[in-house]
Amino acid sequence: MAPVIDFRRNRFVRRAHEFLAQLSLRARIAGTMIALLAIAGVILSAWAYLADERLKRNITLDLLSEELTHFEQRMHVDRGAEPLRSARLRIYRSSDIAELPRHIARLRPGEMHRVRSGGRTLDVLVRDGNFGRLYITYDVTTYATQEKIALVVLGLGVLAVVIIAALAATAISRRLVEPVTVLADRLTQIDPRQRHVRIGAQFAGNELEPIARSIDTFMERLDGFVEREQSFTATASHELRTPLAVMRGAVELLETQAAGRPGAAKAIARIQRAVREMTEFTDALLALSREPQSAAPAESTCDVYAVLARVVEDQRSVAPEKHIVVDVRDGSQLRVAAPESMVAMTLGNLVRNAVQHGTGSEVLCRTQGRELVVSNSGALPASLAHPCAPWHSGQLENIPPRFTSHPRGHGMGLYLVRRICERYGWAIRLENAGGGVTATLAFEPAVGG
């Protein structure tokens, strides 16, 4: 059994395949059509040229054979008959061998040869007969020149056909790919915030109708999923607000009743802090469940430094053994266009994550312009090395839904941070730096700046 040749291992074939894979569909269609037409043109032109050459050679061979036969008949009548000597046609007998160039005299009999002699192109037929070896030469210099001209014209004709075919193939490929381009443009125009968008009717009767219908089916399922998620989040947030309001009122009543009792005041403060964090959490879920309106003005603004001070104070109460340092280098306010609940949720998760999972006793919160940096001792798990590369607002979708810097964590806190940053155009970076973990939060440009 003959061995099977795997052309895929050939370096040239592999590179050609990689090059073709990089071309667009339109370019591949046009290129294939041009290549097929070019190959067909070359084959037909070569066949026509060779057929013409063979026909002219046969005609010339018949002509020279007839002349030699006619001369032999004359010699039967008159052995002293002179051979034909015209401007283009000459016959030589074996006795006239001295008049022939050496390379012609050595030609084999029975065949017609084309040779160059004295700047001329000659067709030579050599034949042995009753009167010895006869040579007949036919000057085809003019014909040879015309053949070269015809060959050039033929080549130019093939080139012109290929050029015309290239233009036609480009236009045809554009028409063939146009439905795909229209579909791609239509999908690009769909606003992610729009629901119940369908495109199947636009491509009815088109080759792409099955694809458009499949996209409609997918979008219908996606709409249902988004609506269920938003409905659940909004409903849960609203349902939680009522018991939280009751708890807040009860805490305020307890605070009034427990006035002058230090032991009860500490417990009540913890309850107030928990109620406030839960309220901020539900507000954040309710805001995130709504579709963002990029063109809408900011809902409100808040002072990041004020929220940071409150968050740090809460964490100091929860973890008194941790030494939380706040380094605000710029004494002015740092205001951002976002609700206070969103800023508190973001800062609270970052500081809480540093306090709970840091291996050291110190947590540093410092500001650099419009950036907030939270540092703590420890290291990120090796499995998070890639996701913890710098995040930018345009790349947040690459971060997994459950992202945590602690191996046993559930990741909901940093997931909410990711969602909030995505909503308000902030950038966050979480990395191992200087023997610890550093979280850098960069806010959008200053409000009104």
# chains A, B, ... in the order shown; residues from 1 in each chain; ligands from 1
call {"tool": "closest_atom_pairs", "arguments": {"of": "stretch 35-55 of chain A", "to": "stretch 150-157 of chain A", "cutoff": "12 Å", "atoms": "only C-alpha atoms", "output": "JSON lines"}}
result
{"residue": "A:Ala38", "atom": "CA", "partner": "A:Gly157", "partner_atom": "CA", "distance": 11.3}
{"residue": "A:Gly41", "atom": "CA", "partner": "A:Gly157", "partner_atom": "CA", "distance": 9.3}
{"residue": "A:Val42", "atom": "CA", "partner": "A:Gly155", "partner_atom": "CA", "distance": 8.5}
{"residue": "A:Ile43", "atom": "CA", "partner": "A:Gly155", "partner_atom": "CA", "distance": 11.7}
{"residue": "A:Leu44", "atom": "CA", "partner": "A:Leu154", "partner_atom": "CA", "distance": 10.7}
{"residue": "A:Ser45", "atom": "CA", "partner": "A:Leu154", "partner_atom": "CA", "distance": 7.1}
{"residue": "A:Ala46", "atom": "CA", "partner": "A:Leu154", "partner_atom": "CA", "distance": 9.3}
{"residue": "A:Trp47", "atom": "CA", "partner": "A:Leu154", "partner_atom": "CA", "distance": 11.8}
{"residue": "A:Ala48", "atom": "CA", "partner": "A:Leu154", "partner_atom": "CA", "distance": 9.8}
{"residue": "A:Tyr49", "atom": "CA", "partner": "A:Leu151", "partner_atom": "CA", "distance": 7.8}
{"residue": "A:Leu50", "atom": "CA", "partner": "A:Leu151", "partner_atom": "CA", "distance": 10.8}
{"residue": "A:Asp52", "atom": "CA", "partner": "A:Ala150", "partner_atom": "CA", "distance": 11.1}
{"residue": "A:Glu53", "atom": "CA", "partner": "A:Leu151", "partner_atom": "CA", "distance": 11.1}
call {"tool": "select_by_dssp", "arguments": {"residues": "stretch 108-323 of chain A", "states": "helix (DSSP H, G or I)", "output": "ChimeraX atom specification"}}
result
/A:141-189,200-203,209-257,262-289,304-318
call {"tool": "residues_around", "arguments": {"residues": "stretch 197-209 of chain A", "least_positions_apart": "2", "cutoff": "12 Å", "atoms": "only C-alpha atoms", "output": "number ranges by chain"}}
result
A: 176-195, 211-223
call {"tool": "write_last_selection", "arguments": {"atoms": "N, CA and C atoms", "output": "short mmCIF file (atom, residue, chain, number, x, y, z; two decimals), in the first residue's frame"}}
result
data_model
loop_
_atom_site.label_atom_id
_atom_site.label_comp_id
_atom_site.auth_asym_id
_atom_site.auth_seq_id
_atom_site.Cartn_x
_atom_site.Cartn_y
_atom_site.Cartn_z
N LEU A 176 -22.32 38.90 -3.36
CA LEU A 176 -22.51 37.66 -2.62
C LEU A 176 -22.38 37.87 -1.12
N VAL A 177 -21.44 38.73 -0.72
CA VAL A 177 -21.17 38.93 0.71
C VAL A 177 -22.08 40.01 1.29
N GLU A 178 -22.77 40.74 0.42
CA GLU A 178 -23.60 41.85 0.91
C GLU A 178 -24.61 41.42 1.97
N PRO A 179 -25.31 40.28 1.82
CA PRO A 179 -26.24 39.89 2.90
C PRO A 179 -25.53 39.68 4.23
N VAL A 180 -24.33 39.10 4.19
CA VAL A 180 -23.58 38.90 5.43
C VAL A 180 -23.21 40.25 6.04
N THR A 181 -22.79 41.19 5.19
CA THR A 181 -22.43 42.53 5.67
C THR A 181 -23.63 43.23 6.27
N VAL A 182 -24.78 43.10 5.61
CA VAL A 182 -26.00 43.71 6.13
C VAL A 182 -26.37 43.12 7.48
N LEU A 183 -26.23 41.79 7.60
CA LEU A 183 -26.53 41.14 8.88
C LEU A 183 -25.59 41.62 9.97
N ALA A 184 -24.29 41.72 9.64
CA ALA A 184 -23.32 42.20 10.63
C ALA A 184 -23.61 43.63 11.05
N ASP A 185 -23.96 44.49 10.06
CA ASP A 185 -24.29 45.88 10.39
C ASP A 185 -25.55 45.95 11.25
N ARG A 186 -26.50 45.11 10.94
CA ARG A 186 -27.75 45.13 11.73
C ARG A 186 -27.48 44.70 13.17
N LEU A 187 -26.65 43.69 13.35
CA LEU A 187 -26.33 43.26 14.71
C LEU A 187 -25.54 44.33 15.45
N THR A 188 -24.67 45.04 14.72
CA THR A 188 -23.88 46.11 15.35
C THR A 188 -24.78 47.25 15.81
N GLN A 189 -25.87 47.51 15.10
CA GLN A 189 -26.75 48.62 15.43
C GLN A 189 -27.66 48.33 16.62
N ILE A 190 -27.72 47.07 17.03
CA ILE A 190 -28.60 46.72 18.15
C ILE A 190 -28.01 47.28 19.44
N ASP A 191 -28.82 48.05 20.15
CA ASP A 191 -28.41 48.59 21.44
C ASP A 191 -28.62 47.53 22.51
N PRO A 192 -27.58 47.20 23.29
CA PRO A 192 -27.75 46.18 24.34
C PRO A 192 -28.85 46.51 25.33
N ARG A 193 -29.21 47.81 25.43
CA ARG A 193 -30.24 48.19 26.38
C ARG A 193 -31.64 47.94 25.83
N GLN A 194 -31.76 47.71 24.53
CA GLN A 194 -33.06 47.46 23.93
C GLN A 194 -33.48 46.01 24.16
N ARG A 195 -34.74 45.83 24.41
CA ARG A 195 -35.30 44.50 24.58
C ARG A 195 -36.27 44.21 23.44
N ILE A 211 -30.03 31.82 9.84
CA ILE A 211 -29.14 32.41 10.84
C ILE A 211 -29.86 33.51 11.60
N ALA A 212 -30.57 34.38 10.87
CA ALA A 212 -31.31 35.47 11.52
C ALA A 212 -32.36 34.92 12.48
N ARG A 213 -33.05 33.85 12.07
CA ARG A 213 -34.06 33.25 12.95
C ARG A 213 -33.40 32.66 14.19
N SER A 214 -32.24 32.06 14.04
CA SER A 214 -31.51 31.52 15.19
C SER A 214 -31.09 32.63 16.14
N ILE A 215 -30.66 33.76 15.57
CA ILE A 215 -30.30 34.90 16.41
C ILE A 215 -31.52 35.42 17.16
N ASP A 216 -32.67 35.47 16.48
CA ASP A 216 -33.90 35.90 17.15
C ASP A 216 -34.24 34.99 18.32
N THR A 217 -34.08 33.68 18.10
CA THR A 217 -34.36 32.73 19.18
C THR A 217 -33.44 32.96 20.36
N PHE A 218 -32.16 33.17 20.05
CA PHE A 218 -31.20 33.44 21.12
C PHE A 218 -31.53 34.73 21.86
N MET A 219 -31.88 35.79 21.11
CA MET A 219 -32.20 37.07 21.73
C MET A 219 -33.47 36.98 22.56
N GLU A 220 -34.41 36.16 22.11
CA GLU A 220 -35.64 35.97 22.88
C GLU A 220 -35.34 35.32 24.23
N ARG A 221 -34.48 34.30 24.21
CA ARG A 221 -34.09 33.65 25.45
C ARG A 221 -33.28 34.60 26.33
N LEU A 222 -32.42 35.40 25.69
CA LEU A 222 -31.62 36.36 26.45
C LEU A 222 -32.51 37.43 27.08
N ASP A 223 -33.51 37.91 26.33
CA ASP A 223 -34.44 38.89 26.89
C ASP A 223 -35.15 38.32 28.12
#
call {"tool": "closest_atom_pairs", "arguments": {"of": "stretch 292-387 of chain A", "to": "stretch 267-272 of chain A", "cutoff": "12 Å", "atoms": "only C-alpha atoms", "output": "JSON lines"}}
result
{"residue": "A:Glu313", "atom": "CA", "partner": "A:Arg270", "partner_atom": "CA", "distance": 11.8}
{"residue": "A:Asp314", "atom": "CA", "partner": "A:Arg270", "partner_atom": "CA", "distance": 8.8}
{"residue": "A:Gln315", "atom": "CA", "partner": "A:Arg270", "partner_atom": "CA", "distance": 10.9}
{"residue": "A:Arg316", "atom": "CA", "partner": "A:Arg270", "partner_atom": "CA", "distance": 11.8}
{"residue": "A:Ser317", "atom": "CA", "partner": "A:Arg270", "partner_atom": "CA", "distance": 8.4}
{"residue": "A:Val318", "atom": "CA", "partner": "A:Arg270", "partner_atom": "CA", "distance": 8.4}
call {"tool": "write_last_selection", "arguments": {"atoms": "N, CA and C atoms", "output": "CSV table (one decimal), in the first residue's frame"}}
result
chain,number,residue,atom,x,y,z
A,313,GLU,N,-14.0,53.9,59.7
A,313,GLU,CA,-14.5,53.9,61.1
A,313,GLU,C,-15.3,52.7,61.4
A,314,ASP,N,-16.1,52.3,60.5
A,314,ASP,CA,-16.9,51.0,60.7
A,314,ASP,C,-16.0,49.8,60.8
A,315,GLN,N,-15.0,49.7,60.0
A,315,GLN,CA,-14.1,48.6,60.0
A,315,GLN,C,-13.2,48.6,61.2
A,316,ARG,N,-12.9,49.8,61.7
A,316,ARG,CA,-12.1,49.8,63.0
A,316,ARG,C,-13.0,49.3,64.1
A,317,SER,N,-14.3,49.5,64.1
A,317,SER,CA,-15.1,49.0,65.1
A,317,SER,C,-15.3,47.5,65.0
A,318,VAL,N,-15.3,47.0,63.8
A,318,VAL,CA,-15.5,45.5,63.6
A,318,VAL,C,-14.2,44.8,63.9
call {"tool": "select_by_dssp", "arguments": {"residues": "stretch 135-335 of chain A", "states": "strand (DSSP E or B)", "output": "PyMOL selection string"}}
result
chain A and resi 135-139+302-303+323-327+335
call {"tool": "write_last_selection", "arguments": {"atoms": "N, CA and C atoms", "output": "tab-separated table (two decimals), in the first residue's frame"}}
result
chain	number	residue	atom	x	y	z
A	135	TYR	N	18.06	17.31	-48.93
A	135	TYR	CA	17.74	18.31	-47.90
A	135	TYR	C	16.88	19.39	-48.53
A	136	ILE	N	15.85	19.77	-47.82
A	136	ILE	CA	15.05	20.90	-48.26
A	136	ILE	C	14.88	21.85	-47.09
A	137	THR	N	15.18	23.15	-47.32
A	137	THR	CA	15.07	24.17	-46.27
A	137	THR	C	13.99	25.16	-46.65
A	138	TYR	N	13.28	25.61	-45.65
A	138	TYR	CA	12.18	26.55	-45.86
A	138	TYR	C	12.38	27.70	-44.88
A	139	ASP	N	12.54	28.90	-45.37
A	139	ASP	CA	12.79	30.08	-44.55
A	139	ASP	C	11.48	30.55	-43.90
A	302	CYS	N	-21.10	62.60	45.32
A	302	CYS	CA	-20.76	62.44	46.73
A	302	CYS	C	-19.27	62.63	46.92
A	303	ASP	N	-18.88	62.86	48.17
A	303	ASP	CA	-17.48	63.08	48.53
A	303	ASP	C	-16.86	61.75	48.92
A	323	HIS	N	-4.84	47.81	62.32
A	323	HIS	CA	-4.44	49.22	62.32
A	323	HIS	C	-4.66	49.78	60.91
A	324	ILE	N	-5.76	50.53	60.74
A	324	ILE	CA	-6.13	51.07	59.44
A	324	ILE	C	-5.64	52.50	59.36
A	325	VAL	N	-4.76	52.78	58.41
A	325	VAL	CA	-4.16	54.09	58.23
A	325	VAL	C	-4.78	54.75	57.01
A	326	VAL	N	-5.20	55.99	57.15
A	326	VAL	CA	-5.76	56.76	56.04
A	326	VAL	C	-4.81	57.90	55.73
A	327	ASP	N	-4.33	57.94	54.48
A	327	ASP	CA	-3.38	58.97	54.06
A	327	ASP	C	-4.01	59.74	52.90
A	335	ARG	N	-14.85	64.44	44.63
A	335	ARG	CA	-16.25	64.19	44.34
A	335	ARG	C	-16.37	63.37	43.06
call {"tool": "closest_residue", "arguments": {"among": "A:Leu380, A:Ala274, A:Thr279, A:Ala236", "to": "A:His357", "atoms": "only C-alpha atoms"}}
result
A:Leu380
call {"tool": "residues_around", "arguments": {"residues": "A:Arg88", "least_positions_apart": "4", "cutoff": "12 Å", "atoms": "only C-alpha atoms", "output": "list in words"}}
result
Leu64, Leu84, Arg120, Thr121, Leu122, Asp123, Val124, Ile136, Thr137, Tyr138, Asp139, Val140, Thr141, Thr142 and Tyr143 of chain A
